[in-house]
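K.L.:
Can you keep this structure in mind? I'll have questions shortly.
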Amino acid sequence: MKKVTVLGSAGSIGQQTLDVLATLREDFSVYGLATLNEVDIIVEQIKHFHPDVVALTETEAAEKLTNMLGDDAPEILSGEDGVIELASRGDAGIVVNAVVGAAALKPTMAALRPGIRLCIANKEALVVAGHIIIPKVAEMGAELIPIDSEHSALLQASLSGRYGEIKRLILTASGGPFHGKDIDFDGVTLNEALEHPNWSMGAKITVDSATMMNKGLEVIEAHWLFDIPPDRIDILVHPQSIIHSIVEFVDGSQIAQASLPDMQLPIQYALTYPDRRPAQVPLLNLAEVGQLTFEEPDFRKFPSLILAYDALEAGGSAPCVLNAANEAAVQLFLGGKISFADIPRIVNRALSNHEVVSGPDIDTLLEINKRVQEEILGSVQ
């Protein structure tokens, strides 16, 4: 029986991970759950999965949970340190990191220990600190298995050949809610930005999909996961979201992973890798889909893609600034403080004003992340 800790259990990916674990009870049990402050959700998860330990980032929420459960409560940890402690505990052989944003960085580092499998749904940790995380994975003899549908597809397709035979990675993108539309981005409403045509995701990730920053972040993530330079990582717009990504080999063969858009499939593959189990997801019928289309991304319409490639090329602390500025800008947009079109403008300005730091350590990255976000959030009243 493999024990699993789920960080970010109240979020979209966290809840879907628990849905998958509910179908695999003979092989997996839940050791730990961590979330920000969603007490009502965590109470239901405790009832269904009986974790040994629960961690809530907000201390008041942890106190509320303790009072609600009384003697029936599992061990409850609180604060950022509590989440980090839970991530570091060796009782669980698998940690699923579904925390959104740069807040996942410290738990990611804490989870890395000999023999651990870290299933990572968080893009930002690798974007910000891939140069630290990937060597640490190797040093610890740990496994890092991606949950993002695109990176899961790349992993699956890459197994068709040897690493040295990989010529190119092709990340597919739905294009988001504005694909193919002639629209004034300055006038985009929040509801319009959150109407993703294919995927059900949290608000921040859905906005990232609308700007296509999510695909830019995925390029950086793919670079670190597969050790492929950015000039060999391409993006292909595929509105149907059936082909989740493609690996091209030196002989010209392109191997793709295809399935209906459902995050439970890559979540389950990350948990059971390298094995496969029957999954509780709808089966793909290509005859019913009928047509698959592909096109090049419009870099002028979606400048966030250019910003991401530029940050990756600059290296050092540049991807950290890219991510921090984007998080702050999306927060302002979600709060109605800026227009949709302001998001890439703010990110571009932050990158232009930043003097890149080479080989930054974790503390330096966290300091940069905090400073960039404070400057951006403080500049808009």
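In the structure tokens, the first chain shown is A, the next is B, and so on; residue numbers restart at 1 for each chain, and ligands run from 1 in the order shown.
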Let's see if you can do this: from backbone DSSP, list all strand (DSSP E) residues in stretch 124-194 of chain A, as a VMD selection string.

P.N.:
chain A and resid 143 to 146 166 to 173

K.L.:
Take the selection from the previous step and output its residues with C-alpha atoms, as a short mmCIF file (atom, residue, chain, number, x, y, z; two decimals), in the first residue's frame.

P.N.:
data_model
loop_
_atom_site.label_atom_id
_atom_site.label_comp_id
_atom_site.auth_asym_id
_atom_site.auth_seq_id
_atom_site.Cartn_x
_atom_site.Cartn_y
_atom_site.Cartn_z
CA GLU A 143 11.45 10.68 -9.12
CA LEU A 144 9.83 13.77 -10.63
CA ILE A 145 6.71 12.86 -12.60
CA PRO A 146 4.71 15.62 -14.32
CA ILE A 166 14.72 13.11 -29.36
CA LYS A 167 14.92 15.94 -31.89
CA ARG A 168 12.08 18.21 -30.81
CA LEU A 169 9.29 18.61 -28.27
CA ILE A 170 5.97 19.97 -29.51
CA LEU A 171 3.61 21.30 -26.85
CA THR A 172 0.03 21.55 -28.01
CA ALA A 173 -2.21 24.40 -26.89
#

K.L.:
So what do you get for atom CA of A:Val128 versus atom CA of A:Ala311, distance-wise?

P.N.:
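Value for the atom CA of A:Val128-atom CA of A:Ala311 distance: 10.5 Å.
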
K.L.:
A:Arg117: which residues within 12 Å, counting only C-alpha atoms, same-chain residues fewer than 5 positions away excluded, as a PyMOL selection string?

P.N.:
chain A and resi 2-5+87+90+92-97+108+111-112+137+140-146+270-274

K.L.:
Grab the residues selected above and save them as a tab-separated table (two decimals), in the first residue's frame with N, CA and C atoms.

P.N.:
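Output saved as selection22.tsv:
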chain	number	residue	atom	x	y	z
A	2	LYS	N	0.75	2.08	-1.00
A	2	LYS	CA	1.54	3.29	-1.10
A	2	LYS	C	0.79	4.46	-0.47
A	3	LYS	N	1.50	5.20	0.38
A	3	LYS	CA	0.89	6.34	1.04
A	3	LYS	C	1.18	7.61	0.24
A	4	VAL	N	0.15	8.46	0.16
A	4	VAL	CA	0.22	9.65	-0.68
A	4	VAL	C	-0.11	10.89	0.15
A	5	THR	N	0.68	11.94	-0.04
A	5	THR	CA	0.37	13.26	0.51
A	5	THR	C	-0.04	14.16	-0.65
A	87	ALA	N	5.20	18.08	3.83
A	87	ALA	CA	5.84	17.68	2.57
A	87	ALA	C	7.11	16.88	2.81
A	90	GLY	N	8.68	11.45	5.74
A	90	GLY	CA	8.99	10.27	4.96
A	90	GLY	C	7.92	9.18	5.01
A	92	ALA	N	5.02	9.19	3.68
A	92	ALA	CA	4.41	9.06	2.36
A	92	ALA	C	5.49	8.85	1.31
A	93	GLY	N	5.29	7.85	0.45
A	93	GLY	CA	6.24	7.58	-0.62
A	93	GLY	C	5.96	8.39	-1.87
A	94	ILE	N	4.77	9.04	-1.91
A	94	ILE	CA	4.38	9.86	-3.05
A	94	ILE	C	3.85	11.19	-2.53
A	95	VAL	N	4.33	12.27	-3.09
A	95	VAL	CA	3.80	13.60	-2.79
A	95	VAL	C	3.27	14.20	-4.08
A	96	VAL	N	2.01	14.60	-4.06
A	96	VAL	CA	1.41	15.30	-5.20
A	96	VAL	C	1.39	16.78	-4.86
A	97	ASN	N	2.10	17.57	-5.64
A	97	ASN	CA	2.17	19.00	-5.39
A	97	ASN	C	1.24	19.72	-6.35
A	108	THR	N	8.10	21.93	-2.44
A	108	THR	CA	8.74	21.09	-3.45
A	108	THR	C	10.13	20.68	-2.99
A	111	ALA	N	9.99	18.22	-0.10
A	111	ALA	CA	9.53	16.86	-0.43
A	111	ALA	C	10.64	15.99	-1.00
A	112	LEU	N	11.68	16.60	-1.56
A	112	LEU	CA	12.71	15.82	-2.24
A	112	LEU	C	13.61	15.11	-1.25
A	137	VAL	N	16.79	16.57	-7.45
A	137	VAL	CA	16.12	15.30	-7.75
A	137	VAL	C	17.15	14.22	-8.02
A	140	MET	N	19.13	13.25	-4.80
A	140	MET	CA	18.36	12.48	-3.83
A	140	MET	C	17.94	11.11	-4.36
A	141	GLY	N	18.11	10.88	-5.64
A	141	GLY	CA	17.60	9.64	-6.21
A	141	GLY	C	16.09	9.60	-6.18
A	142	ALA	N	15.47	10.77	-6.35
A	142	ALA	CA	14.02	10.89	-6.32
A	142	ALA	C	13.46	10.77	-7.74
A	143	GLU	N	12.14	10.67	-7.83
A	143	GLU	CA	11.45	10.68	-9.12
A	143	GLU	C	10.63	11.96	-9.21
A	144	LEU	N	10.65	12.59	-10.37
A	144	LEU	CA	9.83	13.77	-10.63
A	144	LEU	C	8.94	13.45	-11.82
A	145	ILE	N	7.66	13.26	-11.56
A	145	ILE	CA	6.71	12.86	-12.60
A	145	ILE	C	5.72	13.99	-12.83
A	146	PRO	N	5.62	14.49	-14.06
A	146	PRO	CA	4.71	15.62	-14.32
A	146	PRO	C	3.25	15.19	-14.37
A	270	ALA	N	0.68	9.51	-13.36
A	270	ALA	CA	1.77	9.94	-12.48
A	270	ALA	C	1.82	9.08	-11.22
A	271	LEU	N	0.67	8.71	-10.70
A	271	LEU	CA	0.62	7.89	-9.49
A	271	LEU	C	1.07	6.46	-9.74
A	272	THR	N	0.71	5.89	-10.88
A	272	THR	CA	0.96	4.47	-11.14
A	272	THR	C	2.19	4.22	-12.02
A	273	TYR	N	2.77	5.28	-12.58
A	273	TYR	CA	3.92	5.15	-13.48
A	273	TYR	C	4.96	4.17	-12.91
A	274	PRO	N	5.53	3.29	-13.75
A	274	PRO	CA	5.35	3.15	-15.20
A	274	PRO	C	4.20	2.24	-15.59

K.L.:
Using only C-alpha atoms, which protein or nucleic acid residues come within 12 Å of stretch 28-32 of chain A? Drop anything in the same chain fewer than 4 positions from it, and give the result as a PyMOL selection string.

P.N.:
chain A and resi 1-9+14+17-24+42+45-56+74-77+82-97+268+271-272

K.L.:
Take the residues just selected and output them with C-alpha atoms as a CSV table (one decimal), in the first residue's frame.

P.N.:
chain,number,residue,atom,x,y,z
A,1,MET,CA,0.0,0.0,0.0
A,2,LYS,CA,1.5,3.3,-1.1
A,3,LYS,CA,0.9,6.3,1.0
A,4,VAL,CA,0.2,9.7,-0.7
A,5,THR,CA,0.4,13.3,0.5
A,6,VAL,CA,-1.6,15.8,-1.5
A,7,LEU,CA,-0.6,19.4,-1.3
A,8,GLY,CA,-3.2,21.8,-2.5
A,9,SER,CA,-6.0,19.3,-1.9
A,14,GLY,CA,-6.0,18.3,-5.6
A,17,THR,CA,-6.3,13.6,-7.4
A,18,LEU,CA,-8.4,12.5,-4.5
A,19,ASP,CA,-11.1,11.3,-7.0
A,20,VAL,CA,-8.5,9.2,-8.7
A,21,LEU,CA,-7.2,7.8,-5.3
A,22,ALA,CA,-10.8,6.9,-4.4
A,23,THR,CA,-10.8,4.5,-7.4
A,24,LEU,CA,-7.4,3.0,-6.4
A,42,ILE,CA,-10.9,19.6,4.1
A,45,GLN,CA,-11.9,15.1,2.6
A,46,ILE,CA,-10.9,13.9,6.1
A,47,LYS,CA,-14.2,12.0,6.4
A,48,HIS,CA,-13.7,10.3,3.1
A,49,PHE,CA,-9.9,9.6,3.2
A,50,HIS,CA,-9.0,9.5,6.9
A,51,PRO,CA,-5.5,11.1,6.5
A,52,ASP,CA,-3.0,10.9,9.4
A,53,VAL,CA,-2.0,14.5,9.0
A,54,VAL,CA,-3.6,17.7,7.7
A,55,ALA,CA,-1.8,21.1,7.2
A,56,LEU,CA,-3.5,24.5,6.7
A,74,PRO,CA,-6.1,13.9,12.7
A,75,GLU,CA,-2.8,15.6,13.5
A,76,ILE,CA,-3.2,19.2,12.4
A,77,LEU,CA,-0.2,21.4,11.4
A,82,GLY,CA,3.4,23.2,8.8
A,83,VAL,CA,2.9,22.6,5.1
A,84,ILE,CA,6.6,22.3,4.6
A,85,GLU,CA,6.9,19.8,7.4
A,86,LEU,CA,4.1,17.7,6.0
A,87,ALA,CA,5.8,17.7,2.6
A,88,SER,CA,9.1,16.6,4.2
A,89,ARG,CA,7.7,13.6,6.1
A,90,GLY,CA,9.0,10.3,5.0
A,91,ASP,CA,5.8,8.4,5.8
A,92,ALA,CA,4.4,9.1,2.4
A,93,GLY,CA,6.2,7.6,-0.6
A,94,ILE,CA,4.4,9.9,-3.1
A,95,VAL,CA,3.8,13.6,-2.8
A,96,VAL,CA,1.4,15.3,-5.2
A,97,ASN,CA,2.2,19.0,-5.4
A,268,GLN,CA,-3.5,8.5,-12.5
A,271,LEU,CA,0.6,7.9,-9.5
A,272,THR,CA,1.0,4.5,-11.1

K.L.:
Kindly indicate which residue among A:Lys337, A:Arg232, A:His151, A:Arg113 lies nearest to A:Lys215, using only C-alpha atoms for the distances.

P.N.:
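Closest residue, counting only C-alpha atoms: A:His151.
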